[in-house]
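Asker: Data file work.cif (mmCIF, C-alpha atoms and all ligand atoms) is appended below.
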data_target
loop_
_atom_site.label_atom_id
_atom_site.label_comp_id
_atom_site.auth_asym_id
_atom_site.auth_seq_id
_atom_site.Cartn_x
_atom_site.Cartn_y
_atom_site.Cartn_z
CA MET H 480 21.22 -6.42 9.62
CA PRO H 481 19.08 -8.38 7.11
CA PHE H 482 20.59 -9.48 3.82
CA VAL H 483 19.24 -11.46 0.90
CA ASN H 484 21.62 -13.57 -1.15
CA VAL H 485 21.30 -13.03 -4.88
CA SER H 486 23.46 -14.03 -7.82
CA GLY H 487 26.85 -12.32 -7.38
CA GLY H 488 26.50 -11.25 -3.74
CA ALA H 489 24.06 -10.04 -1.11
CA LEU H 490 21.64 -7.15 -0.85
CA HIS H 491 21.26 -5.33 2.44
CA TYR H 492 18.02 -3.72 3.55
CA ALA H 493 16.36 -2.27 6.62
CA VAL H 494 12.98 -3.65 7.64
CA GLU H 495 11.17 -2.08 10.57
CA GLY H 496 7.63 -2.22 11.94
CA GLU H 497 4.61 -4.37 11.24
CA GLY H 498 1.60 -3.92 8.98
CA GLU H 499 1.02 -3.05 5.32
CA PRO H 500 4.40 -3.19 3.52
CA LEU H 501 5.89 0.08 2.28
CA LEU H 502 9.05 -0.27 0.19
CA LEU H 503 11.13 2.94 0.06
CA ILE H 504 13.85 3.15 -2.62
CA HIS H 505 16.69 5.61 -2.11
CA GLY H 506 17.95 8.33 -4.43
CA PHE H 507 21.39 8.99 -5.91
CA PRO H 508 24.12 8.76 -4.60
CA LEU H 509 22.73 7.61 -1.29
CA SER H 510 21.68 4.53 0.69
CA HIS H 511 18.69 3.38 2.73
CA GLU H 512 19.92 5.75 5.46
CA MET H 513 18.25 8.71 3.71
CA TRP H 514 14.91 7.18 4.77
CA ARG H 515 15.73 7.20 8.51
CA PRO H 516 13.08 9.89 9.27
CA GLN H 517 10.43 7.76 7.50
CA LEU H 518 11.59 4.44 9.05
CA ASP H 519 11.38 6.01 12.51
CA ALA H 520 7.97 7.62 12.03
CA LEU H 521 6.11 5.10 9.88
CA LYS H 522 7.25 1.86 11.52
CA ALA H 523 4.59 2.39 14.20
CA SER H 524 1.89 1.56 11.62
CA TYR H 525 3.62 -0.04 8.61
CA ARG H 526 6.25 -2.58 7.70
CA VAL H 527 8.82 -0.26 6.15
CA ILE H 528 11.45 -1.84 3.92
CA ALA H 529 14.37 0.28 2.71
CA PRO H 530 16.94 -1.50 0.50
CA ASP H 531 20.51 -0.50 -0.23
CA LEU H 532 20.66 -0.67 -4.01
CA ARG H 533 23.41 -2.87 -5.50
CA GLY H 534 26.84 -1.40 -4.68
CA PHE H 535 25.41 1.19 -2.27
CA GLY H 536 25.38 1.07 1.54
CA GLY H 537 25.85 -2.50 2.73
CA SER H 538 24.90 -4.21 -0.57
CA SER H 539 27.35 -5.98 -2.86
CA ALA H 540 28.01 -4.55 -6.31
CA LEU H 541 26.75 -7.74 -8.06
CA GLY H 542 27.68 -8.51 -11.64
CA GLY H 543 26.16 -7.79 -15.02
CA ALA H 544 24.66 -4.62 -16.41
CA THR H 545 23.18 -2.10 -14.02
CA THR H 546 19.91 -0.58 -15.20
CA MET H 547 16.83 0.82 -13.52
CA GLU H 548 15.32 -2.62 -14.23
CA SER H 549 18.17 -4.52 -12.53
CA TYR H 550 17.76 -2.33 -9.44
CA ALA H 551 13.99 -2.98 -9.63
CA SER H 552 14.57 -6.75 -9.86
CA ASP H 553 16.80 -6.53 -6.77
CA CYS H 554 13.91 -4.82 -4.92
CA VAL H 555 11.59 -7.62 -6.05
CA ALA H 556 14.14 -10.18 -4.72
CA ILE H 557 13.94 -8.46 -1.32
CA LEU H 558 10.12 -8.60 -1.39
CA ASP H 559 10.41 -12.31 -2.30
CA ALA H 560 12.76 -12.93 0.63
CA LEU H 561 10.24 -11.27 2.95
CA GLN H 562 7.37 -13.23 1.32
CA ILE H 563 5.60 -10.02 0.36
CA ASP H 564 3.32 -10.37 -2.68
CA SER H 565 2.72 -6.68 -3.21
CA ALA H 566 3.71 -3.46 -1.48
CA PHE H 567 3.23 0.26 -1.66
CA VAL H 568 6.38 1.36 -3.47
CA GLY H 569 7.94 4.75 -2.85
CA GLY H 570 11.04 6.24 -4.37
CA LEU H 571 12.85 9.55 -4.26
CA SER H 572 14.39 10.78 -7.50
CA MET H 573 16.46 7.82 -8.81
CA GLY H 574 14.39 5.73 -6.39
CA GLY H 575 11.32 6.99 -8.26
CA TYR H 576 12.86 5.95 -11.60
CA ILE H 577 13.30 2.48 -10.05
CA ALA H 578 9.74 2.40 -8.66
CA MET H 579 8.57 3.09 -12.25
CA ALA H 580 10.92 0.35 -13.52
CA MET H 581 9.20 -2.04 -11.08
CA LEU H 582 6.06 -1.48 -13.14
CA ARG H 583 8.00 -2.73 -16.18
CA VAL H 584 9.61 -5.65 -14.32
CA ASP H 585 6.70 -6.96 -12.21
CA ALA H 586 3.76 -4.55 -12.04
CA GLY H 587 1.72 -6.93 -9.91
CA ARG H 588 4.08 -6.32 -6.97
CA VAL H 589 3.19 -2.62 -6.87
CA ARG H 590 0.05 -2.05 -4.82
CA GLY H 591 0.42 1.74 -4.85
CA LEU H 592 3.00 4.37 -5.76
CA VAL H 593 4.60 7.19 -3.77
CA LEU H 594 6.75 9.26 -6.14
CA VAL H 595 8.89 11.80 -4.31
CA ASP H 596 10.94 14.53 -6.06
CA THR H 597 11.27 12.51 -9.23
CA GLN H 598 10.22 12.55 -12.88
CA ALA H 599 8.94 10.21 -15.59
CA SER H 600 10.99 11.79 -18.42
CA PRO H 601 14.30 10.34 -19.65
CA ASP H 602 17.56 12.30 -19.94
CA ASP H 603 18.10 14.48 -22.99
CA ASP H 604 21.37 14.17 -24.94
CA ALA H 605 23.12 16.89 -22.93
CA ALA H 606 22.21 15.23 -19.62
CA LYS H 607 23.41 11.84 -20.91
CA LYS H 608 26.74 13.36 -21.93
CA LYS H 609 27.14 15.01 -18.50
CA ARG H 610 26.37 11.69 -16.75
CA GLU H 611 29.13 9.94 -18.74
CA GLU H 612 31.62 12.75 -18.00
CA ASN H 613 30.79 12.54 -14.29
CA ALA H 614 30.96 8.71 -14.28
CA ALA H 615 34.42 8.76 -15.90
CA ARG H 616 35.62 11.45 -13.46
CA VAL H 617 34.24 9.55 -10.42
CA GLU H 618 36.12 6.43 -11.56
CA LYS H 619 39.32 8.46 -11.86
CA GLU H 620 39.23 10.67 -8.80
CA GLY H 621 36.46 9.47 -6.47
CA THR H 622 33.17 11.07 -5.48
CA ALA H 623 34.29 14.16 -3.50
CA PHE H 624 33.81 16.59 -6.41
CA LEU H 625 30.31 15.24 -7.07
CA VAL H 626 29.26 15.46 -3.42
CA GLU H 627 30.44 19.08 -3.37
CA GLN H 628 28.54 19.86 -6.59
CA LEU H 629 25.35 18.13 -5.51
CA LEU H 630 24.98 19.20 -1.90
CA PRO H 631 23.79 22.78 -2.52
CA LYS H 632 21.39 21.59 -5.25
CA LEU H 633 19.75 18.92 -3.12
CA LEU H 634 18.75 21.13 -0.21
CA SER H 635 17.06 24.50 0.18
CA LYS H 636 19.09 27.50 1.32
CA GLY H 637 17.44 27.30 4.74
CA ALA H 638 18.27 23.62 5.34
CA ALA H 639 19.42 22.80 8.87
CA THR H 640 23.17 22.21 9.26
CA SER H 641 22.43 18.80 10.77
CA VAL H 642 20.59 17.76 7.57
CA GLN H 643 23.42 19.08 5.36
CA ARG H 644 25.95 17.11 7.41
CA GLU H 645 23.91 13.90 7.35
CA LEU H 646 23.34 14.12 3.60
CA SER H 647 27.01 14.79 2.97
CA ARG H 648 27.99 11.88 5.24
CA ILE H 649 25.71 9.43 3.39
CA MET H 650 26.85 10.60 -0.07
CA SER H 651 30.54 10.52 0.85
CA ALA H 652 30.25 6.93 2.11
CA GLN H 653 29.20 5.50 -1.28
CA SER H 654 31.57 3.57 -3.51
CA PRO H 655 32.81 5.34 -6.65
CA ALA H 656 32.10 2.21 -8.73
CA ALA H 657 28.45 2.13 -7.59
CA VAL H 658 28.08 5.87 -8.21
CA ALA H 659 29.52 5.57 -11.74
CA SER H 660 27.25 2.59 -12.53
CA ALA H 661 24.18 4.47 -11.31
CA LEU H 662 25.05 7.52 -13.45
CA ARG H 663 25.29 5.33 -16.56
CA ALA H 664 22.12 3.44 -15.63
CA MET H 665 20.13 6.66 -15.17
CA ALA H 666 21.31 7.89 -18.58
CA LYS H 667 19.81 4.75 -20.16
CA ARG H 668 16.41 4.94 -18.50
CA PRO H 669 13.38 5.12 -20.79
CA ASP H 670 10.39 7.44 -20.61
CA SER H 671 8.00 6.06 -17.97
CA LYS H 672 4.91 8.15 -18.72
CA ASP H 673 3.21 5.26 -20.56
CA MET H 674 3.79 2.95 -17.57
CA LEU H 675 2.30 5.52 -15.22
CA ALA H 676 -0.70 6.00 -17.52
CA ARG H 677 -1.37 2.25 -17.38
CA PHE H 678 -1.05 2.04 -13.58
CA SER H 679 -4.49 1.88 -11.97
CA GLY H 680 -3.54 1.64 -8.28
CA PRO H 681 -3.51 4.52 -5.82
CA SER H 682 -0.70 7.04 -6.27
CA LEU H 683 0.79 10.03 -4.53
CA VAL H 684 3.24 12.54 -5.99
CA ILE H 685 5.28 14.66 -3.55
CA VAL H 686 7.61 17.52 -4.48
CA GLY H 687 9.62 20.03 -2.46
CA ALA H 688 8.47 23.54 -3.41
CA GLU H 689 12.12 24.53 -3.98
CA ASP H 690 13.22 21.41 -5.88
CA GLU H 691 15.28 22.57 -8.86
CA ILE H 692 16.45 19.10 -9.96
CA THR H 693 12.98 17.62 -10.48
CA PRO H 694 10.77 20.70 -10.16
CA ILE H 695 7.00 21.02 -9.72
CA THR H 696 6.46 20.94 -13.52
CA LYS H 697 7.90 17.38 -13.57
CA ALA H 698 5.76 16.35 -10.59
CA LYS H 699 2.68 17.74 -12.31
CA GLN H 700 3.47 15.80 -15.49
CA MET H 701 3.43 12.53 -13.49
CA ALA H 702 0.28 13.44 -11.55
CA ASP H 703 -1.45 14.33 -14.85
CA VAL H 704 -0.82 10.93 -16.46
CA LEU H 705 -1.57 8.87 -13.34
CA THR H 706 -5.24 8.04 -12.77
CA GLY H 707 -6.66 9.80 -9.71
CA SER H 708 -3.28 10.81 -8.36
CA GLU H 709 -2.73 13.39 -5.68
CA LEU H 710 0.04 16.01 -5.94
CA VAL H 711 1.37 17.50 -2.71
CA THR H 712 3.93 20.32 -2.59
CA ILE H 713 6.11 20.53 0.52
CA PRO H 714 6.97 24.13 1.47
CA GLY H 715 10.49 25.02 2.61
CA ALA H 716 12.08 21.94 1.06
CA ALA H 717 14.10 21.24 -2.09
CA HIS H 718 15.01 17.88 -3.70
CA MET H 719 15.53 15.91 -0.46
CA SER H 720 12.11 16.85 0.88
CA ASN H 721 11.91 13.70 3.04
CA MET H 722 15.02 14.77 4.98
CA GLU H 723 14.35 18.52 5.05
CA ALA H 724 10.67 18.40 6.00
CA PRO H 725 10.18 14.90 7.46
CA GLU H 726 7.06 15.76 9.48
CA ALA H 727 5.20 17.10 6.42
CA VAL H 728 6.32 14.23 4.19
CA ASN H 729 5.50 11.59 6.82
CA ALA H 730 2.04 13.09 7.44
CA THR H 731 1.37 13.18 3.67
CA ILE H 732 2.39 9.53 3.21
CA ARG H 733 0.45 8.43 6.29
CA GLU H 734 -2.72 10.17 5.10
CA PHE H 735 -2.33 8.71 1.59
CA LEU H 736 -1.90 5.16 2.96
CA ARG H 737 -4.88 5.63 5.27
CA ARG H 738 -7.08 6.73 2.37
CA ALA H 739 -5.73 3.96 0.15
CA GLY H 740 -7.29 1.64 2.70
CA SER H 741 -4.22 0.14 4.29
C1 LIG L 801 18.65 11.69 -7.37
O1 LIG L 801 18.43 12.46 -6.43
O2 LIG L 801 18.43 10.47 -7.27
C2 LIG L 801 19.23 12.24 -8.64
O3 LIG L 801 19.21 13.64 -8.58
C3 LIG L 801 18.49 11.77 -9.84
C4 LIG L 801 19.08 12.28 -11.13
O4 LIG L 801 20.26 12.67 -11.16
O5 LIG L 801 18.37 12.26 -12.15
#
Show me the file's structure as structure tokens.
Ligand code: MLT
Answerer:
Amino acid sequence: MPFVNVSGGALHYAVEGEGEPLLLIHGFPLSHEMWRPQLDALKASYRVIAPDLRGFGGSSALGGATTMESYASDCVAILDALQIDSAFVGGLSMGGYIAMAMLRVDAGRVRGLVLVDTQASPDDDAAKKKREENAARVEKEGTAFLVEQLLPKLLSKGAATSVQRELSRIMSAQSPAAVASALRAMAKRPDSKDMLARFSGPSLVIVGAEDEITPITKAKQMADVLTGSELVTIPGAAHMSNMEAPEAVNATIREFLRRAGS
């Protein structure tokens, strides 16, 4: 299991395959394990790197403030440890917020973007309030209530039982402290549309046709501000499109990377 030592602890990540580096950043409240279908399929052609964000999976909580930028800096530290100058950077939902934060932290490390079921807009006041309520409740009583609330929203009604079970297993394994920190960090994230508008590398936007958390309108907003971006809708999938429809998502990413010349 590879780890990189950083101030305050160690970050765990998976790295599989050889070739052009593809960094995949997980969503909330998950770990690198959500990317198993992509690690398995894409490692034949790419070097796929999937970190556990601070406090999640096998990574230490680390100290200091947690923000989308601190998560992004942790991802950069992993690229440094692997001596990777720049990578294609993909992220699902919160992972997408962090991919966009990487543009603020060290844009030169981002060779191309793969934004999956995410959005460039910040939270409105009501969403911020809800995040704080949930963070305080998670700290008091653990994550079970949140897992129960989220599960039906993350997947389509037709999702396979095996996918529901795996998603629930990964969410239930995460530490309440990390979950609370991520909720507060997401509430503080800025609008990223200007960063996307300035990004001139290749980009791909993917959205599950049934995603109600970050719906097609949000995906379209990102594709509209990105130069020359491609928007692909995945039928029969909701927010966790990479887990529900792995073949379609893998084929879309593979085709994008092929056309991007990697
Ligand atoms: C995620 O899947 O990472 C979350 O739904 C993101 C969010 O709550 O904004």
Asker: Which protein, DNA or RNA residues have an atom at most 10 Å from (9.7, 0.7, -15.1), counting only C-alpha atoms? List them as a PyMOL selection string.
Answerer: chain H and resi 547-548+551+575-586+599+668-675
Asker: Would you save the residues of that selection, restricted to C-alpha atoms, as an mmCIF file, in the frame of the given file?
Answerer:
data_model
loop_
_atom_site.group_PDB
_atom_site.id
_atom_site.type_symbol
_atom_site.label_atom_id
_atom_site.label_comp_id
_atom_site.auth_asym_id
_atom_site.auth_seq_id
_atom_site.Cartn_x
_atom_site.Cartn_y
_atom_site.Cartn_z
ATOM 1 C CA MET H 547 16.830 0.820 -13.520
ATOM 2 C CA GLU H 548 15.320 -2.620 -14.230
ATOM 3 C CA ALA H 551 13.990 -2.980 -9.630
ATOM 4 C CA GLY H 575 11.320 6.990 -8.260
ATOM 5 C CA TYR H 576 12.860 5.950 -11.600
ATOM 6 C CA ILE H 577 13.300 2.480 -10.050
ATOM 7 C CA ALA H 578 9.740 2.400 -8.660
ATOM 8 C CA MET H 579 8.570 3.090 -12.250
ATOM 9 C CA ALA H 580 10.920 0.350 -13.520
ATOM 10 C CA MET H 581 9.200 -2.040 -11.080
ATOM 11 C CA LEU H 582 6.060 -1.480 -13.140
ATOM 12 C CA ARG H 583 8.000 -2.730 -16.180
ATOM 13 C CA VAL H 584 9.610 -5.650 -14.320
ATOM 14 C CA ASP H 585 6.700 -6.960 -12.210
ATOM 15 C CA ALA H 586 3.760 -4.550 -12.040
ATOM 16 C CA ALA H 599 8.940 10.210 -15.590
ATOM 17 C CA ARG H 668 16.410 4.940 -18.500
ATOM 18 C CA PRO H 669 13.380 5.120 -20.790
ATOM 19 C CA ASP H 670 10.390 7.440 -20.610
ATOM 20 C CA SER H 671 8.000 6.060 -17.970
ATOM 21 C CA LYS H 672 4.910 8.150 -18.720
ATOM 22 C CA ASP H 673 3.210 5.260 -20.560
ATOM 23 C CA MET H 674 3.790 2.950 -17.570
ATOM 24 C CA LEU H 675 2.300 5.520 -15.220
#
Asker: With a distance cut-off of 9 Å and all atoms listed in the file, select the neighbouring residues of H:Ala520, excluding the residue or stretch itself and same-chain residues fewer than 3 positions from it, and output the selection as a PDB file with C-alpha atoms, keeping the file's coordinate frame.
Answerer:
ATOM      1  CA  ARG H 515      15.730   7.200   8.510  1.00  0.00           C
ATOM      2  CA  PRO H 516      13.080   9.890   9.270  1.00  0.00           C
ATOM      3  CA  GLN H 517      10.430   7.760   7.500  1.00  0.00           C
ATOM      4  CA  ALA H 523       4.590   2.390  14.200  1.00  0.00           C
ATOM      5  CA  SER H 524       1.890   1.560  11.620  1.00  0.00           C
ATOM      6  CA  PRO H 725      10.180  14.900   7.460  1.00  0.00           C
ATOM      7  CA  GLU H 726       7.060  15.760   9.480  1.00  0.00           C
ATOM      8  CA  ASN H 729       5.500  11.590   6.820  1.00  0.00           C
TER       9      ASN H 729
END
Asker: Using only C-alpha atoms, which of H:Pro631, H:Gly680, H:Gly496, H:Gly569 sits nearest H:Val728?
Answerer: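 Comparing H:Pro631, H:Gly680, H:Gly496, H:Gly569 against H:Val728, the winner is H:Gly569.
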Asker: Would you give me, as CSV, each residue of chain H having an atom within 10 Å of an atom of ligand LIG 801 (chain L), along with its shortest atom pair and that distance in Å to one decimal, using all atoms listed in the file and sorting by chain and residue number?
Answerer:
residue,atom,partner,partner_atom,distance
H:Ile504,CA,L:LIG801,O2,9.8
H:His505,CA,L:LIG801,O2,7.3
H:Gly506,CA,L:LIG801,O2,3.6
H:Phe507,CA,L:LIG801,O2,3.6
H:Pro508,CA,L:LIG801,O2,6.5
H:Leu509,CA,L:LIG801,O2,7.9
H:Gly570,CA,L:LIG801,O2,9.0
H:Leu571,CA,L:LIG801,O2,6.4
H:Ser572,CA,L:LIG801,O2,4.1
H:Met573,CA,L:LIG801,O2,3.6
H:Gly574,CA,L:LIG801,O2,6.3
H:Gly575,CA,L:LIG801,O2,8.0
H:Tyr576,CA,L:LIG801,C3,8.3
H:Ile577,CA,L:LIG801,O2,9.9
H:Val595,CA,L:LIG801,O1,9.8
H:Asp596,CA,L:LIG801,O1,7.8
H:Thr597,CA,L:LIG801,C3,7.3
H:Gln598,CA,L:LIG801,O5,8.2
H:Ser600,CA,L:LIG801,O5,9.7
H:Pro601,CA,L:LIG801,O5,8.7
H:Asp602,CA,L:LIG801,O5,7.8
H:Ala606,CA,L:LIG801,O5,8.9
H:Arg610,CA,L:LIG801,O4,8.3
H:Leu629,CA,L:LIG801,O3,8.2
H:Lys632,CA,L:LIG801,O3,8.9
H:Leu633,CA,L:LIG801,O1,7.4
H:Ala661,CA,L:LIG801,O4,9.1
H:Leu662,CA,L:LIG801,O4,7.4
H:Met665,CA,L:LIG801,O5,6.6
H:Ala666,CA,L:LIG801,O5,8.3
H:Arg668,CA,L:LIG801,O5,9.9
H:Glu691,CA,L:LIG801,O3,9.8
H:Ile692,CA,L:LIG801,O3,6.3
H:Thr693,CA,L:LIG801,O3,7.6
H:His718,CA,L:LIG801,O1,7.0
H:Met719,CA,L:LIG801,O1,7.5
Asker: Given the choices H:Ala615, H:Val686, H:Val483, H:Ala529, which gets closest to H:Ala727 if the distance is worked out from all atoms listed in the file?
Answerer: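 That would be H:Val686, the residue with the smallest distance to H:Ala727.
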Asker: With all atoms listed in the file as the basis for distance, which of H:Leu705, H:Ala556, H:Leu594, H:Val626 is at the shortest distance from H:Phe735?
Answerer: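 So, comparing all the options, the nearest one is H:Leu594.
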Asker: Under the rule of at most 12 Å, produce a per-residue listing of stretch 506-607 of chain H near stretch 645-658 of chain H: chain, number, name, the closest pair of atoms, and the distance in Å, as a Markdown table, using all atoms listed in the file.
Answerer:
| residue | atom | partner | partner_atom | distance |
| --- | --- | --- | --- | --- |
| H:Gly506 | CA | H:Met650 | CA | 10.2 |
| H:Phe507 | CA | H:Val658 | CA | 7.7 |
| H:Pro508 | CA | H:Met650 | CA | 5.6 |
| H:Leu509 | CA | H:Met650 | CA | 5.2 |
| H:Ser510 | CA | H:Ile649 | CA | 6.9 |
| H:His511 | CA | H:Ile649 | CA | 9.3 |
| H:Glu512 | CA | H:Ile649 | CA | 7.2 |
| H:Met513 | CA | H:Leu646 | CA | 7.4 |
| H:Trp514 | CA | H:Leu646 | CA | 11.0 |
| H:Arg515 | CA | H:Glu645 | CA | 10.6 |
| H:Pro516 | CA | H:Glu645 | CA | 11.7 |
| H:Asp531 | CA | H:Gln653 | CA | 10.6 |
| H:Leu532 | CA | H:Ala657 | CA | 9.0 |
| H:Arg533 | CA | H:Ala657 | CA | 7.4 |
| H:Gly534 | CA | H:Ala657 | CA | 4.8 |
| H:Phe535 | CA | H:Gln653 | CA | 5.8 |
| H:Gly536 | CA | H:Gln653 | CA | 6.5 |
| H:Gly537 | CA | H:Gln653 | CA | 9.6 |
| H:Ser538 | CA | H:Ala657 | CA | 10.1 |
| H:Ser539 | CA | H:Ala657 | CA | 9.5 |
| H:Ala540 | CA | H:Ala657 | CA | 6.8 |
| H:Leu541 | CA | H:Ala657 | CA | 10.0 |
| H:Gly542 | CA | H:Ala657 | CA | 11.4 |
| H:Ala544 | CA | H:Ala657 | CA | 11.7 |
| H:Thr545 | CA | H:Ala657 | CA | 9.3 |
| H:Thr546 | CA | H:Ala657 | CA | 11.8 |
| H:Tyr550 | CA | H:Ala657 | CA | 11.7 |
| H:Met573 | CA | H:Val658 | CA | 11.8 |
Asker: Select, from H:Glu709, H:Glu612, H:Glu627, H:Asp703, the residue with the minimum atom-to-atom distance to H:Pro681, counting all atoms listed in the file.
Answerer: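 The closest residue to H:Pro681 is H:Glu709.
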Asker: Nearest to H:Leu503: which of H:Thr622, H:Ala614, H:Leu490, H:Ile732 is it, counting all atoms listed in the file?
Answerer: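 With all atoms listed in the file as the atom set, the closest residue is H:Ile732.
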Asker: Please measure the separation of atom CA of H:Ser720 and atom CA of H:His491, giving the value in Å to one decimal.
Answerer: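 Taking atom CA of H:Ser720 and atom CA of H:His491, their separation equals 24.0 Å.
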Asker: Provide the atom CA of H:Leu710 to atom CA of H:Leu592 distance in Å, to one decimal place.
Answerer: 12.0 Å
Asker: Rounded to one decimal place, report the atom CA of H:Asn484-atom CA of H:Pro500 distance in Å.
Answerer: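 Atom CA of H:Asn484 sits 20.6 Å away from atom CA of H:Pro500.
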Asker: Which one of H:Gly591, H:Thr640, H:Ala664, H:Cys554 sits closest to H:Gly707 if you count all atoms listed in the file?
Answerer: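 Residue with the minimum atom-to-atom distance to H:Gly707: H:Gly591.
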Asker: Just want the 8 Å neighbourhood of H:Ala493, counted on only C-alpha atoms, with same-chain residues fewer than 5 positions away dropped. Output as a list in words.
Answerer: Met480, Pro481, His511, Val527, Ile528, Ala529 and Pro530 of chain H
Asker: Edge lengths and centre, in Å to one decimal, as AutoDock Vina command-line options: that's what I need for the box along x, y and z that holds all listed atoms of stretch 635-638 of chain H plus 6 Å on each side.
Answerer:
--center_x 18.1 --center_y 25.6 --center_z 2.8 --size_x 14.0 --size_y 15.9 --size_z 17.2
Asker: Here's a test: counting all atoms listed in the file, identify every protein, DNA and RNA residue with an atom at most 7 Å from (8.9, -2.8, 11.5) in the file's coordinate frame, and state them as a list in words.
Answerer: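 Here is the list of nearby residues: Val494, Glu495, Gly496, Glu497, Lys522, Tyr525, Arg526 and Val527 of chain H.
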